[in-house]
>>> print(open('model09.cif').read())   # mmCIF, C-alpha atoms and all ligand atoms
data_data
#
loop_
_atom_site.group_PDB
_atom_site.id
_atom_site.type_symbol
_atom_site.label_atom_id
_atom_site.label_comp_id
_atom_site.auth_asym_id
_atom_site.auth_seq_id
_atom_site.Cartn_x
_atom_site.Cartn_y
_atom_site.Cartn_z
ATOM 1 C CA MET A 1 50.565 71.226 -70.678
ATOM 2 C CA THR A 2 50.019 74.147 -68.320
ATOM 3 C CA ASP A 3 52.731 76.608 -67.446
ATOM 4 C CA THR A 4 52.466 78.355 -64.131
ATOM 5 C CA VAL A 5 54.186 81.706 -64.255
ATOM 6 C CA GLN A 6 55.402 82.672 -60.842
ATOM 7 C CA GLU A 7 58.251 85.058 -60.465
ATOM 8 C CA ALA A 8 59.382 86.905 -57.381
ATOM 9 C CA SER A 9 57.765 90.229 -58.121
ATOM 10 C CA VAL A 10 54.511 88.910 -59.601
ATOM 11 C CA SER A 11 51.845 89.526 -57.034
ATOM 12 C CA GLN A 12 49.448 87.070 -58.624
ATOM 13 C CA ALA A 13 50.538 83.785 -60.241
ATOM 14 C CA PHE A 14 48.733 82.932 -63.436
ATOM 15 C CA GLU A 15 48.483 79.913 -65.670
ATOM 16 C CA ILE A 16 48.922 79.617 -69.418
ATOM 17 C CA THR A 17 47.314 76.584 -71.022
ATOM 18 C CA PRO A 18 47.556 75.998 -74.786
ATOM 19 C CA LEU A 19 44.167 75.604 -76.442
ATOM 20 C CA SER A 20 45.440 73.851 -79.568
ATOM 21 C CA ASP A 21 48.665 72.541 -81.057
ATOM 22 C CA LEU A 22 48.588 75.365 -83.564
ATOM 23 C CA MET A 23 48.115 78.535 -81.499
ATOM 24 C CA ALA A 24 45.997 80.142 -78.766
ATOM 25 C CA ALA A 25 46.436 79.815 -75.023
ATOM 26 C CA GLU A 26 44.097 80.310 -72.122
ATOM 27 C CA VAL A 27 45.292 82.616 -69.361
ATOM 28 C CA THR A 28 43.709 82.204 -65.951
ATOM 29 C CA GLY A 29 44.435 83.807 -62.618
ATOM 30 C CA LEU A 30 44.834 87.414 -63.799
ATOM 31 C CA ASP A 31 42.455 90.289 -63.136
ATOM 32 C CA LEU A 32 42.666 92.555 -66.187
ATOM 33 C CA SER A 33 40.847 95.394 -64.439
ATOM 34 C CA GLN A 34 44.038 96.042 -62.447
ATOM 35 C CA PRO A 35 47.274 97.329 -63.991
ATOM 36 C CA PHE A 36 50.022 94.731 -64.402
ATOM 37 C CA ASP A 37 53.382 95.121 -62.778
ATOM 38 C CA THR A 38 56.265 95.132 -65.238
ATOM 39 C CA VAL A 39 57.121 91.455 -64.756
ATOM 40 C CA THR A 40 53.548 90.351 -65.370
ATOM 41 C CA GLN A 41 53.259 92.612 -68.409
ATOM 42 C CA ALA A 42 56.449 91.144 -69.858
ATOM 43 C CA ALA A 43 55.297 87.561 -69.196
ATOM 44 C CA VAL A 44 51.922 88.199 -70.845
ATOM 45 C CA ASN A 45 53.645 89.842 -73.801
ATOM 46 C CA ARG A 46 55.944 86.835 -74.218
ATOM 47 C CA ALA A 47 52.925 84.516 -74.186
ATOM 48 C CA PHE A 48 51.182 86.760 -76.718
ATOM 49 C CA LEU A 49 54.115 86.460 -79.129
ATOM 50 C CA GLU A 50 54.423 82.708 -78.546
ATOM 51 C CA TYR A 51 50.727 81.786 -78.864
ATOM 52 C CA GLN A 52 49.480 84.695 -81.058
ATOM 53 C CA LEU A 53 46.062 84.561 -79.366
ATOM 54 C CA LEU A 54 45.481 84.858 -75.629
ATOM 55 C CA VAL A 55 42.138 84.024 -74.032
ATOM 56 C CA PHE A 56 41.696 85.628 -70.599
ATOM 57 C CA ARG A 57 38.817 83.996 -68.748
ATOM 58 C CA ASN A 58 36.349 85.382 -66.219
ATOM 59 C CA GLN A 59 36.845 89.102 -66.779
ATOM 60 C CA SER A 60 34.345 91.916 -66.367
ATOM 61 C CA LEU A 61 35.822 95.141 -67.679
ATOM 62 C CA THR A 62 34.339 98.602 -67.948
ATOM 63 C CA LYS A 63 35.324 100.480 -71.102
ATOM 64 C CA ASP A 64 37.886 102.460 -69.124
ATOM 65 C CA GLN A 65 39.369 99.262 -67.736
ATOM 66 C CA GLN A 66 39.557 97.723 -71.206
ATOM 67 C CA VAL A 67 41.349 100.826 -72.482
ATOM 68 C CA GLY A 68 43.696 100.631 -69.479
ATOM 69 C CA PHE A 69 44.461 96.961 -70.095
ATOM 70 C CA THR A 70 45.021 97.494 -73.830
ATOM 71 C CA GLU A 71 47.325 100.479 -73.557
ATOM 72 C CA GLN A 72 49.750 98.525 -71.415
ATOM 73 C CA PHE A 73 50.834 96.887 -74.690
ATOM 74 C CA GLY A 74 51.041 99.901 -77.013
ATOM 75 C CA THR A 75 49.180 102.858 -78.452
ATOM 76 C CA LEU A 76 45.438 102.682 -78.949
ATOM 77 C CA GLU A 77 44.209 103.175 -82.461
ATOM 78 C CA ARG A 78 41.206 105.066 -83.718
ATOM 79 C CA HIS A 79 38.699 103.300 -85.923
ATOM 80 C CA THR A 80 37.437 104.095 -89.419
ATOM 81 C CA ALA A 81 35.740 107.400 -90.210
ATOM 82 C CA ARG A 82 32.303 105.779 -90.052
ATOM 83 C CA ASN A 83 32.709 103.947 -86.777
ATOM 84 C CA ARG A 84 34.412 106.079 -84.186
ATOM 85 C CA GLY A 85 32.993 104.348 -81.140
ATOM 86 C CA VAL A 86 30.490 106.086 -78.944
ATOM 87 C CA GLY A 87 30.220 108.928 -76.446
ATOM 88 C CA THR A 88 33.051 109.292 -74.008
ATOM 89 C CA HIS A 89 34.884 106.195 -75.269
ATOM 90 C CA PRO A 90 35.780 106.835 -78.916
ATOM 91 C CA LEU A 91 38.526 104.200 -78.788
ATOM 92 C CA VAL A 92 36.148 101.406 -77.780
ATOM 93 C CA HIS A 93 34.360 100.057 -80.817
ATOM 94 C CA ILE A 94 31.062 98.285 -80.183
ATOM 95 C CA VAL A 95 30.869 95.034 -82.181
ATOM 96 C CA SER A 96 27.205 94.133 -82.272
ATOM 97 C CA ASN A 97 24.338 92.701 -84.288
ATOM 98 C CA LEU A 98 21.855 95.169 -82.784
ATOM 99 C CA THR A 99 19.848 97.880 -84.532
ATOM 100 C CA ALA A 100 19.838 101.491 -83.307
ATOM 101 C CA GLU A 101 16.759 100.499 -81.302
ATOM 102 C CA GLY A 102 18.728 97.727 -79.594
ATOM 103 C CA THR A 103 17.020 94.723 -81.168
ATOM 104 C CA PRO A 104 18.832 91.896 -83.002
ATOM 105 C CA SER A 105 19.147 92.849 -86.668
ATOM 106 C CA GLY A 106 19.804 89.418 -88.171
ATOM 107 C CA THR A 107 23.105 90.705 -89.579
ATOM 108 C CA VAL A 108 26.600 89.786 -88.401
ATOM 109 C CA ASN A 109 29.554 91.870 -89.587
ATOM 110 C CA SER A 110 33.149 90.821 -90.297
ATOM 111 C CA THR A 111 32.282 87.312 -91.430
ATOM 112 C CA GLN A 112 35.099 87.175 -94.002
ATOM 113 C CA TRP A 113 38.739 86.457 -93.182
ATOM 114 C CA HIS A 114 40.704 89.620 -92.487
ATOM 115 C CA SER A 115 43.439 91.279 -90.485
ATOM 116 C CA ASP A 116 42.117 94.385 -88.727
ATOM 117 C CA LYS A 117 42.955 97.608 -90.568
ATOM 118 C CA SER A 118 45.329 95.937 -93.024
ATOM 119 C CA PHE A 119 44.538 98.853 -95.363
ATOM 120 C CA ARG A 120 46.360 101.305 -93.072
ATOM 121 C CA PRO A 121 50.010 102.329 -93.671
ATOM 122 C CA ALA A 122 50.766 100.879 -90.222
ATOM 123 C CA PRO A 123 48.189 98.082 -89.860
ATOM 124 C CA SER A 124 46.841 97.139 -86.472
ATOM 125 C CA MET A 125 49.237 95.272 -84.201
ATOM 126 C CA ALA A 126 46.693 93.630 -81.942
ATOM 127 C CA THR A 127 42.993 93.545 -81.205
ATOM 128 C CA VAL A 128 41.362 93.095 -77.816
ATOM 129 C CA LEU A 129 37.772 91.840 -77.847
ATOM 130 C CA HIS A 130 35.683 91.488 -74.689
ATOM 131 C CA ALA A 131 32.439 89.526 -74.626
ATOM 132 C CA VAL A 132 29.611 91.635 -73.190
ATOM 133 C CA THR A 133 26.498 89.747 -74.338
ATOM 134 C CA LEU A 134 26.720 86.354 -76.018
ATOM 135 C CA PRO A 135 24.090 84.284 -77.805
ATOM 136 C CA PRO A 136 23.200 81.013 -76.041
ATOM 137 C CA ASP A 137 25.323 79.115 -78.547
ATOM 138 C CA GLY A 138 27.532 79.931 -81.548
ATOM 139 C CA GLY A 139 28.747 83.352 -82.654
ATOM 140 C CA ASP A 140 32.270 81.912 -82.667
ATOM 141 C CA THR A 141 35.361 83.766 -83.842
ATOM 142 C CA CYS A 142 37.763 81.795 -86.060
ATOM 143 C CA PHE A 143 41.487 82.422 -86.399
ATOM 144 C CA ALA A 144 43.846 81.278 -89.168
ATOM 145 C CA ASN A 145 47.556 81.123 -88.465
ATOM 146 C CA MET A 146 49.536 82.787 -91.248
ATOM 147 C CA TYR A 147 52.906 81.529 -89.932
ATOM 148 C CA ALA A 148 51.676 77.954 -90.319
ATOM 149 C CA ALA A 149 50.006 78.632 -93.662
ATOM 150 C CA TYR A 150 53.239 80.089 -95.042
ATOM 151 C CA ALA A 151 55.316 77.236 -93.624
ATOM 152 C CA GLY A 152 52.908 74.823 -95.317
ATOM 153 C CA LEU A 153 53.627 76.189 -98.787
ATOM 154 C CA ALA A 154 55.999 74.421 -101.208
ATOM 155 C CA ASP A 155 59.487 75.941 -101.277
ATOM 156 C CA ALA A 156 59.211 76.827 -104.978
ATOM 157 C CA GLU A 157 56.067 78.833 -104.336
ATOM 158 C CA LYS A 158 57.641 80.584 -101.341
ATOM 159 C CA THR A 159 60.512 81.673 -103.574
ATOM 160 C CA GLU A 160 58.180 82.809 -106.331
ATOM 161 C CA LEU A 161 56.129 84.934 -103.934
ATOM 162 C CA GLU A 162 59.093 86.589 -102.216
ATOM 163 C CA GLY A 163 58.935 90.351 -102.764
ATOM 164 C CA VAL A 164 55.358 90.320 -104.112
ATOM 165 C CA ARG A 165 53.284 93.246 -102.890
ATOM 166 C CA VAL A 166 49.540 93.425 -102.330
ATOM 167 C CA ILE A 167 47.154 96.350 -102.681
ATOM 168 C CA HIS A 168 44.900 96.537 -99.601
ATOM 169 C CA SER A 169 41.797 98.664 -100.131
ATOM 170 C CA TRP A 170 39.058 99.500 -97.653
ATOM 171 C CA GLU A 171 37.034 100.947 -100.517
ATOM 172 C CA LEU A 172 37.180 97.749 -102.583
ATOM 173 C CA SER A 173 36.574 95.468 -99.616
ATOM 174 C CA ARG A 174 33.436 97.472 -98.743
ATOM 175 C CA GLU A 175 32.304 97.310 -102.390
ATOM 176 C CA ASN A 176 32.643 93.541 -102.195
ATOM 177 C CA ILE A 177 30.038 93.494 -99.443
ATOM 178 C CA GLY A 178 27.754 95.964 -101.213
ATOM 179 C CA ARG A 179 28.623 99.256 -99.509
ATOM 180 C CA VAL A 180 29.882 102.368 -101.271
ATOM 181 C CA LEU A 181 32.149 104.600 -99.201
ATOM 182 C CA SER A 182 31.551 108.324 -98.794
ATOM 183 C CA GLU A 183 34.222 110.704 -100.099
ATOM 184 C CA GLU A 184 35.286 111.391 -96.501
ATOM 185 C CA GLU A 185 35.730 107.663 -95.874
ATOM 186 C CA LYS A 186 37.783 107.268 -99.067
ATOM 187 C CA ARG A 187 40.056 110.139 -98.066
ATOM 188 C CA ASP A 188 40.380 108.623 -94.600
ATOM 189 C CA ALA A 189 41.525 105.222 -95.893
ATOM 190 C CA PRO A 190 43.298 105.356 -99.271
ATOM 191 C CA PRO A 191 44.614 102.098 -100.791
ATOM 192 C CA MET A 192 47.935 100.844 -99.421
ATOM 193 C CA THR A 193 50.473 98.247 -100.509
ATOM 194 C CA HIS A 194 52.018 95.690 -98.167
ATOM 195 C CA PRO A 195 54.272 92.677 -98.722
ATOM 196 C CA LEU A 196 52.375 89.422 -99.247
ATOM 197 C CA ILE A 197 54.938 87.651 -97.094
ATOM 198 C CA ARG A 198 55.442 89.698 -94.000
ATOM 199 C CA VAL A 199 58.274 89.414 -91.528
ATOM 200 C CA HIS A 200 56.853 89.808 -88.045
ATOM 201 C CA PRO A 201 58.585 92.852 -86.523
ATOM 202 C CA GLU A 202 59.033 91.212 -83.110
ATOM 203 C CA THR A 203 59.459 87.483 -83.722
ATOM 204 C CA GLY A 204 61.174 87.694 -87.128
ATOM 205 C CA ARG A 205 58.961 84.858 -88.354
ATOM 206 C CA LYS A 206 57.480 84.940 -91.852
ATOM 207 C CA GLY A 207 53.780 84.694 -92.579
ATOM 208 C CA PHE A 208 51.198 85.719 -95.137
ATOM 209 C CA PHE A 209 49.591 89.119 -94.771
ATOM 210 C CA MET A 210 46.260 89.259 -96.602
ATOM 211 C CA GLY A 211 42.523 88.861 -95.884
ATOM 212 C CA MET A 212 39.418 90.567 -97.210
ATOM 213 C CA HIS A 213 41.005 94.001 -97.607
ATOM 214 C CA ALA A 214 43.744 92.471 -99.801
ATOM 215 C CA SER A 215 42.523 93.293 -103.274
ATOM 216 C CA HIS A 216 45.096 92.358 -105.922
ATOM 217 C CA LEU A 217 48.812 92.123 -106.591
ATOM 218 C CA GLU A 218 51.026 95.009 -107.583
ATOM 219 C CA GLY A 219 52.305 94.767 -111.158
ATOM 220 C CA MET A 220 49.898 92.012 -112.155
ATOM 221 C CA PRO A 221 46.574 92.329 -114.028
ATOM 222 C CA ARG A 222 43.862 92.839 -111.436
ATOM 223 C CA ASP A 223 41.856 89.677 -112.212
ATOM 224 C CA LYS A 224 44.945 87.488 -112.227
ATOM 225 C CA GLY A 225 46.226 88.988 -108.965
ATOM 226 C CA ARG A 226 42.802 88.671 -107.393
ATOM 227 C CA ALA A 227 42.591 85.002 -108.365
ATOM 228 C CA ARG A 228 46.043 84.371 -106.915
ATOM 229 C CA ILE A 229 45.098 85.958 -103.599
ATOM 230 C CA GLU A 230 41.902 83.917 -103.456
ATOM 231 C CA ALA A 231 43.853 80.699 -104.092
ATOM 232 C CA LEU A 232 46.384 81.557 -101.387
ATOM 233 C CA GLU A 233 43.635 82.432 -98.936
ATOM 234 C CA ALA A 234 41.921 79.109 -99.657
ATOM 235 C CA HIS A 235 45.228 77.393 -98.819
ATOM 236 C CA ALA A 236 45.839 79.525 -95.728
ATOM 237 C CA THR A 237 42.431 78.989 -94.154
ATOM 238 C CA GLN A 238 42.273 75.213 -94.415
ATOM 239 C CA PRO A 239 41.131 73.524 -91.195
ATOM 240 C CA GLN A 240 44.666 72.543 -90.168
ATOM 241 C CA PHE A 241 45.580 76.236 -89.924
ATOM 242 C CA VAL A 242 42.439 77.318 -88.057
ATOM 243 C CA TYR A 243 41.489 77.609 -84.389
ATOM 244 C CA ARG A 244 37.804 78.170 -83.622
ATOM 245 C CA HIS A 245 37.011 80.071 -80.447
ATOM 246 C CA HIS A 246 33.790 79.200 -78.651
ATOM 247 C CA TRP A 247 33.125 82.250 -76.498
ATOM 248 C CA ARG A 248 32.395 82.034 -72.795
ATOM 249 C CA ASP A 249 30.937 84.784 -70.644
ATOM 250 C CA GLY A 250 33.768 86.948 -69.343
ATOM 251 C CA ASP A 251 36.239 86.135 -72.119
ATOM 252 C CA VAL A 252 38.734 88.751 -73.235
ATOM 253 C CA LEU A 253 40.673 87.824 -76.361
ATOM 254 C CA MET A 254 43.879 89.509 -77.453
ATOM 255 C CA TRP A 255 45.305 88.504 -80.810
ATOM 256 C CA ASP A 256 48.174 89.431 -83.089
ATOM 257 C CA ASN A 257 46.919 90.862 -86.383
ATOM 258 C CA ARG A 258 50.425 90.649 -87.839
ATOM 259 C CA CYS A 259 50.280 86.870 -88.150
ATOM 260 C CA LEU A 260 46.607 85.852 -87.824
ATOM 261 C CA LEU A 261 43.490 86.296 -89.906
ATOM 262 C CA HIS A 262 40.122 86.139 -88.185
ATOM 263 C CA HIS A 263 36.419 86.279 -88.876
ATOM 264 C CA ALA A 264 33.127 86.101 -87.011
ATOM 265 C CA ASP A 265 31.056 82.993 -87.660
ATOM 266 C CA PRO A 266 27.341 83.850 -87.905
ATOM 267 C CA ASN A 267 26.524 80.381 -86.547
ATOM 268 C CA PHE A 268 23.689 81.613 -84.318
ATOM 269 C CA ASP A 269 20.231 83.093 -84.798
ATOM 270 C CA ALA A 270 21.293 86.714 -85.275
ATOM 271 C CA ALA A 271 17.706 87.877 -85.768
ATOM 272 C CA ARG A 272 16.823 86.584 -82.330
ATOM 273 C CA HIS A 273 19.847 86.760 -80.023
ATOM 274 C CA PRO A 274 22.093 89.738 -79.222
ATOM 275 C CA ARG A 275 25.854 89.360 -79.596
ATOM 276 C CA VAL A 276 27.778 92.362 -78.272
ATOM 277 C CA LEU A 277 31.514 92.709 -77.763
ATOM 278 C CA HIS A 278 33.789 95.639 -76.975
ATOM 279 C CA ARG A 279 36.838 96.068 -79.179
ATOM 280 C CA THR A 280 40.049 98.019 -78.731
ATOM 281 C CA CYS A 281 42.949 98.016 -81.184
ATOM 282 C CA LEU A 282 46.633 98.734 -80.880
ATOM 283 C CA ARG A 283 48.469 100.640 -83.552
ATOM 284 C CA GLY A 284 51.077 98.653 -85.452
ATOM 285 C CA THR A 285 54.149 99.583 -87.448
ATOM 286 C CA PRO A 286 54.682 99.940 -91.213
ATOM 287 C CA THR A 287 55.173 96.577 -92.913
ATOM 288 C CA ALA A 288 58.290 97.460 -94.850
HETATM 289 FE FE FE A 301 38.100 92.130 -87.216
#
>>> encode(input="model09.cif", output="structure tokens")
Amino acid sequence: MTDTVQEASVSQAFEITPLSDLMAAEVTGLDLSQPFDTVTQAAVNRAFLEYQLLVFRNQSLTKDQQVGFTEQFGTLERHTARNRGVGTHPLVHIVSNLTAEGTPSGTVNSTQWHSDKSFRPAPSMATVLHAVTLPPDGGDTCFANMYAAYAGLADAEKTELEGVRVIHSWELSRENIGRVLSEEEKRDAPPMTHPLIRVHPETGRKGFFMGMHASHLEGMPRDKGRARIEALEAHATQPQFVYRHHWRDGDVLMWDNRCLLHHADPNFDAARHPRVLHRTCLRGTPTA
């Protein structure tokens, strides 16, 4: 079903078409390089909360335009101490498989399920990712819906997990992929606890809040808590909770980190083909 949003003060009608029964909607007919009027901004924001992931087609944004689009929905967030973006656009993070010399490295980052910056006291609200250079095929981004995963849990387990808190650690999640943080990086991102079951601050809906930065459970032996998180993540990322995005040239994605996990799928020849995207993030609010 396609909804056509056309209200009196919207200069440009646009269409919202769901991409799956679970989440995600395609938005066509909007030019993101131009500022929205208030009615359009409100309609897009409503769709964002309803579908959790919006896919804007056929865009071509400069970094300034991407920053301008993003900040219509909140406050832009800086990145980690190691990756501050480049040059005159420190708030635009370059997601890429290229070496410093600009050749494909064979390595794809962020291939494990996560919620961006879940290790921050106020984790990221939303991420905007714009395709700049895509491989001929693959390089998908997958999304798991934590509302649906929580709803799919047995009532007894929901009750048992109520009030449980999780330690999110950038340091430990980097160790898990073989990188040791510098002292500056550790100071920049100390471990943080968040509720395992998070109430979305805008929709009021409950969902899991975890991912690769979620290390273990507060008040439980580390190994036991770790195993529990891994079991819950295995439940939460089953195919029925996942939408796979096949990128098209010109796509801009905007997703809600408060209720989705995501990861890059290295399903392309990363030693041969470039994959470059521009990322901006919006600052969220504390989880409790
Ligand atoms: Fe990410």
>>> closest_atom_pairs(input="model09.cif", of="region 102-136 of chain A", to="region 165-181 of chain A", cutoff="12 Å", atoms="only C-alpha atoms", output="Markdown table")
| residue | atom | partner | partner_atom | distance |
| --- | --- | --- | --- | --- |
| A:Asn109 | CA | A:Ile177 | CA | 10.0 |
| A:Ser110 | CA | A:Ile177 | CA | 10.0 |
| A:Thr111 | CA | A:Ile177 | CA | 10.4 |
| A:Gln112 | CA | A:Ile177 | CA | 9.8 |
| A:Trp113 | CA | A:Ser173 | CA | 11.3 |
| A:His114 | CA | A:Ser173 | CA | 10.1 |
| A:Ser115 | CA | A:His168 | CA | 10.6 |
| A:Asp116 | CA | A:Trp170 | CA | 10.7 |
| A:Lys117 | CA | A:Trp170 | CA | 8.3 |
| A:Ser118 | CA | A:His168 | CA | 6.6 |
| A:Phe119 | CA | A:His168 | CA | 4.8 |
| A:Arg120 | CA | A:His168 | CA | 8.2 |
| A:Pro121 | CA | A:His168 | CA | 9.7 |
| A:Ala122 | CA | A:His168 | CA | 11.9 |
| A:Pro123 | CA | A:His168 | CA | 10.4 |
>>> residues_around(input="model09.cif", residues="region 191-197 of chain A", least_positions_apart="5", cutoff="12 Å", atoms="all atoms listed in the file", output="ChimeraX atom specification")
/A:117-123,146-147,149-151,153,157-173,185-186,204-211,213-219,225,228-229,232-233,258-259,285-288
>>> closest_residue(input="model09.cif", among="A:His245, A:His130, A:Arg187, A:Lys224", to="Gln65 (chain A)", atoms="all atoms listed in the file")
A:His130
>>> atom_distance(input="model09.cif", atom1="CA of Glu15 (chain A)", atom2="CA of Ala43 (chain A)")
10.8 Å
>>> atom_distance(input="model09.cif", atom1="CA of Pro135 (chain A)", atom2="CA of Ser96 (chain A)")
11.3 Å
>>> atom_distance(input="model09.cif", atom1="CA of Ala13 (chain A)", atom2="CA of Ala131 (chain A)")
23.8 Å
>>> residues_around(input="model09.cif", residues="Pro104 (chain A)", least_positions_apart="4", cutoff="10 Å", atoms="only C-alpha atoms", output="list of chain:residue names")
A:Ser96, A:Asn97, A:Leu98, A:Thr99, A:Ala100, A:Val108, A:Asp269, A:Ala270, A:Ala271, A:Arg272, A:His273, A:Pro274, A:Arg275
>>> residues_around(input="model09.cif", residues="Leu54 (chain A)", least_positions_apart="4", cutoff="10 Å", atoms="only C-alpha atoms", output="PDB file with C-alpha atoms, in the coordinates of the input")
ATOM      1  CA  ILE A  16      48.922  79.617 -69.418  1.00  0.00           C
ATOM      2  CA  THR A  17      47.314  76.584 -71.022  1.00  0.00           C
ATOM      3  CA  PRO A  18      47.556  75.998 -74.786  1.00  0.00           C
ATOM      4  CA  LEU A  19      44.167  75.604 -76.442  1.00  0.00           C
ATOM      5  CA  MET A  23      48.115  78.535 -81.499  1.00  0.00           C
ATOM      6  CA  ALA A  24      45.997  80.142 -78.766  1.00  0.00           C
ATOM      7  CA  ALA A  25      46.436  79.815 -75.023  1.00  0.00           C
ATOM      8  CA  GLU A  26      44.097  80.310 -72.122  1.00  0.00           C
ATOM      9  CA  VAL A  27      45.292  82.616 -69.361  1.00  0.00           C
ATOM     10  CA  VAL A  44      51.922  88.199 -70.845  1.00  0.00           C
ATOM     11  CA  ASN A  45      53.645  89.842 -73.801  1.00  0.00           C
ATOM     12  CA  ALA A  47      52.925  84.516 -74.186  1.00  0.00           C
ATOM     13  CA  PHE A  48      51.182  86.760 -76.718  1.00  0.00           C
ATOM     14  CA  LEU A  49      54.115  86.460 -79.129  1.00  0.00           C
ATOM     15  CA  GLU A  50      54.423  82.708 -78.546  1.00  0.00           C
ATOM     16  CA  VAL A 128      41.362  93.095 -77.816  1.00  0.00           C
ATOM     17  CA  ASP A 251      36.239  86.135 -72.119  1.00  0.00           C
ATOM     18  CA  VAL A 252      38.734  88.751 -73.235  1.00  0.00           C
ATOM     19  CA  LEU A 253      40.673  87.824 -76.361  1.00  0.00           C
ATOM     20  CA  MET A 254      43.879  89.509 -77.453  1.00  0.00           C
ATOM     21  CA  TRP A 255      45.305  88.504 -80.810  1.00  0.00           C
ATOM     22  CA  ASP A 256      48.174  89.431 -83.089  1.00  0.00           C
TER      23      ASP A 256
END
>>> resolve_selection(input="model09.cif", expression="the PyMOL selection byres (((chain A and resi 262) around 7) and not hetatm)", output="tab-separated table (two decimals) with C-alpha atoms, keeping the file's coordinate frame")
chain	number	residue	atom	x	y	z
A	113	TRP	CA	38.74	86.46	-93.18
A	114	HIS	CA	40.70	89.62	-92.49
A	115	SER	CA	43.44	91.28	-90.48
A	141	THR	CA	35.36	83.77	-83.84
A	142	CYS	CA	37.76	81.80	-86.06
A	143	PHE	CA	41.49	82.42	-86.40
A	144	ALA	CA	43.85	81.28	-89.17
A	260	LEU	CA	46.61	85.85	-87.82
A	261	LEU	CA	43.49	86.30	-89.91
A	263	HIS	CA	36.42	86.28	-88.88
>>> resolve_selection(input="model09.cif", expression="the PyMOL selection byres (((chain A and resi 74) around 12) and not hetatm)", output="compact mmCIF listing (two decimals) with C-alpha atoms, in the frame of the given file")
# COMPACT_ATOMS: atom_id res chain seq x y z
CA GLN A 41 53.26 92.61 -68.41
CA ASN A 45 53.64 89.84 -73.80
CA VAL A 67 41.35 100.83 -72.48
CA GLY A 68 43.70 100.63 -69.48
CA PHE A 69 44.46 96.96 -70.10
CA THR A 70 45.02 97.49 -73.83
CA GLU A 71 47.32 100.48 -73.56
CA GLN A 72 49.75 98.52 -71.42
CA PHE A 73 50.83 96.89 -74.69
CA THR A 75 49.18 102.86 -78.45
CA LEU A 76 45.44 102.68 -78.95
CA GLU A 77 44.21 103.18 -82.46
CA SER A 124 46.84 97.14 -86.47
CA MET A 125 49.24 95.27 -84.20
CA ALA A 126 46.69 93.63 -81.94
CA THR A 127 42.99 93.54 -81.20
CA VAL A 128 41.36 93.10 -77.82
CA THR A 280 40.05 98.02 -78.73
CA CYS A 281 42.95 98.02 -81.18
CA LEU A 282 46.63 98.73 -80.88
CA ARG A 283 48.47 100.64 -83.55
CA GLY A 284 51.08 98.65 -85.45
CA THR A 285 54.15 99.58 -87.45
>>> closest_residue(input="model09.cif", among="A:Ser105, A:Arg279, A:Asn267, A:Arg78", to="Pro90 (chain A)", atoms="all atoms listed in the file")
A:Arg78
>>> closest_residue(input="model09.cif", among="A:Leu53, A:Asn58, A:Asp64, A:Ala42", to="Thr28 (chain A)", atoms="only C-alpha atoms")
A:Asn58
>>> closest_residue(input="model09.cif", among="A:Arg222, A:His93, A:Asp31, A:Gly250", to="ligand FE 301 (chain A)", atoms="all atoms listed in the file")
A:His93
>>> closest_residue(input="model09.cif", among="A:Asp137, A:Asp223, A:Glu183, A:Asp265", to="ligand FE 301 (chain A)", atoms="only C-alpha atoms and all ligand atoms")
A:Asp265
>>> build_atoms(input="model09.cif", residues="region 52-59 of chain A", atoms="N, CA, C and O atoms", output="mmCIF file, in the frame of the given file")
data_model
loop_
_atom_site.group_PDB
_atom_site.id
_atom_site.type_symbol
_atom_site.label_atom_id
_atom_site.label_comp_id
_atom_site.auth_asym_id
_atom_site.auth_seq_id
_atom_site.Cartn_x
_atom_site.Cartn_y
_atom_site.Cartn_z
ATOM 1 N N GLN A 52 50.175 83.814 -80.110
ATOM 2 C CA GLN A 52 49.480 84.695 -81.058
ATOM 3 C C GLN A 52 48.064 85.109 -80.628
ATOM 4 O O GLN A 52 47.565 86.148 -81.030
ATOM 5 N N LEU A 53 47.412 84.251 -79.842
ATOM 6 C CA LEU A 53 46.062 84.561 -79.366
ATOM 7 C C LEU A 53 45.981 84.168 -77.899
ATOM 8 O O LEU A 53 46.209 83.003 -77.559
ATOM 9 N N LEU A 54 45.666 85.152 -77.049
ATOM 10 C CA LEU A 54 45.481 84.858 -75.629
ATOM 11 C C LEU A 54 44.002 84.988 -75.275
ATOM 12 O O LEU A 54 43.320 85.912 -75.739
ATOM 13 N N VAL A 55 43.532 84.046 -74.474
ATOM 14 C CA VAL A 55 42.138 84.024 -74.032
ATOM 15 C C VAL A 55 42.137 84.179 -72.515
ATOM 16 O O VAL A 55 42.528 83.259 -71.787
ATOM 17 N N PHE A 56 41.759 85.362 -72.045
ATOM 18 C CA PHE A 56 41.696 85.628 -70.599
ATOM 19 C C PHE A 56 40.274 85.310 -70.161
ATOM 20 O O PHE A 56 39.316 85.896 -70.682
ATOM 21 N N ARG A 57 40.151 84.412 -69.200
ATOM 22 C CA ARG A 57 38.817 83.996 -68.748
ATOM 23 C C ARG A 57 38.327 84.848 -67.580
ATOM 24 O O ARG A 57 39.126 85.433 -66.835
ATOM 25 N N ASN A 58 37.016 84.852 -67.423
ATOM 26 C CA ASN A 58 36.349 85.382 -66.219
ATOM 27 C C ASN A 58 36.661 86.855 -65.931
ATOM 28 O O ASN A 58 36.947 87.230 -64.798
ATOM 29 N N GLN A 59 36.594 87.675 -66.960
ATOM 30 C CA GLN A 59 36.845 89.102 -66.779
ATOM 31 C C GLN A 59 35.522 89.875 -66.868
ATOM 32 O O GLN A 59 34.552 89.409 -67.487
#
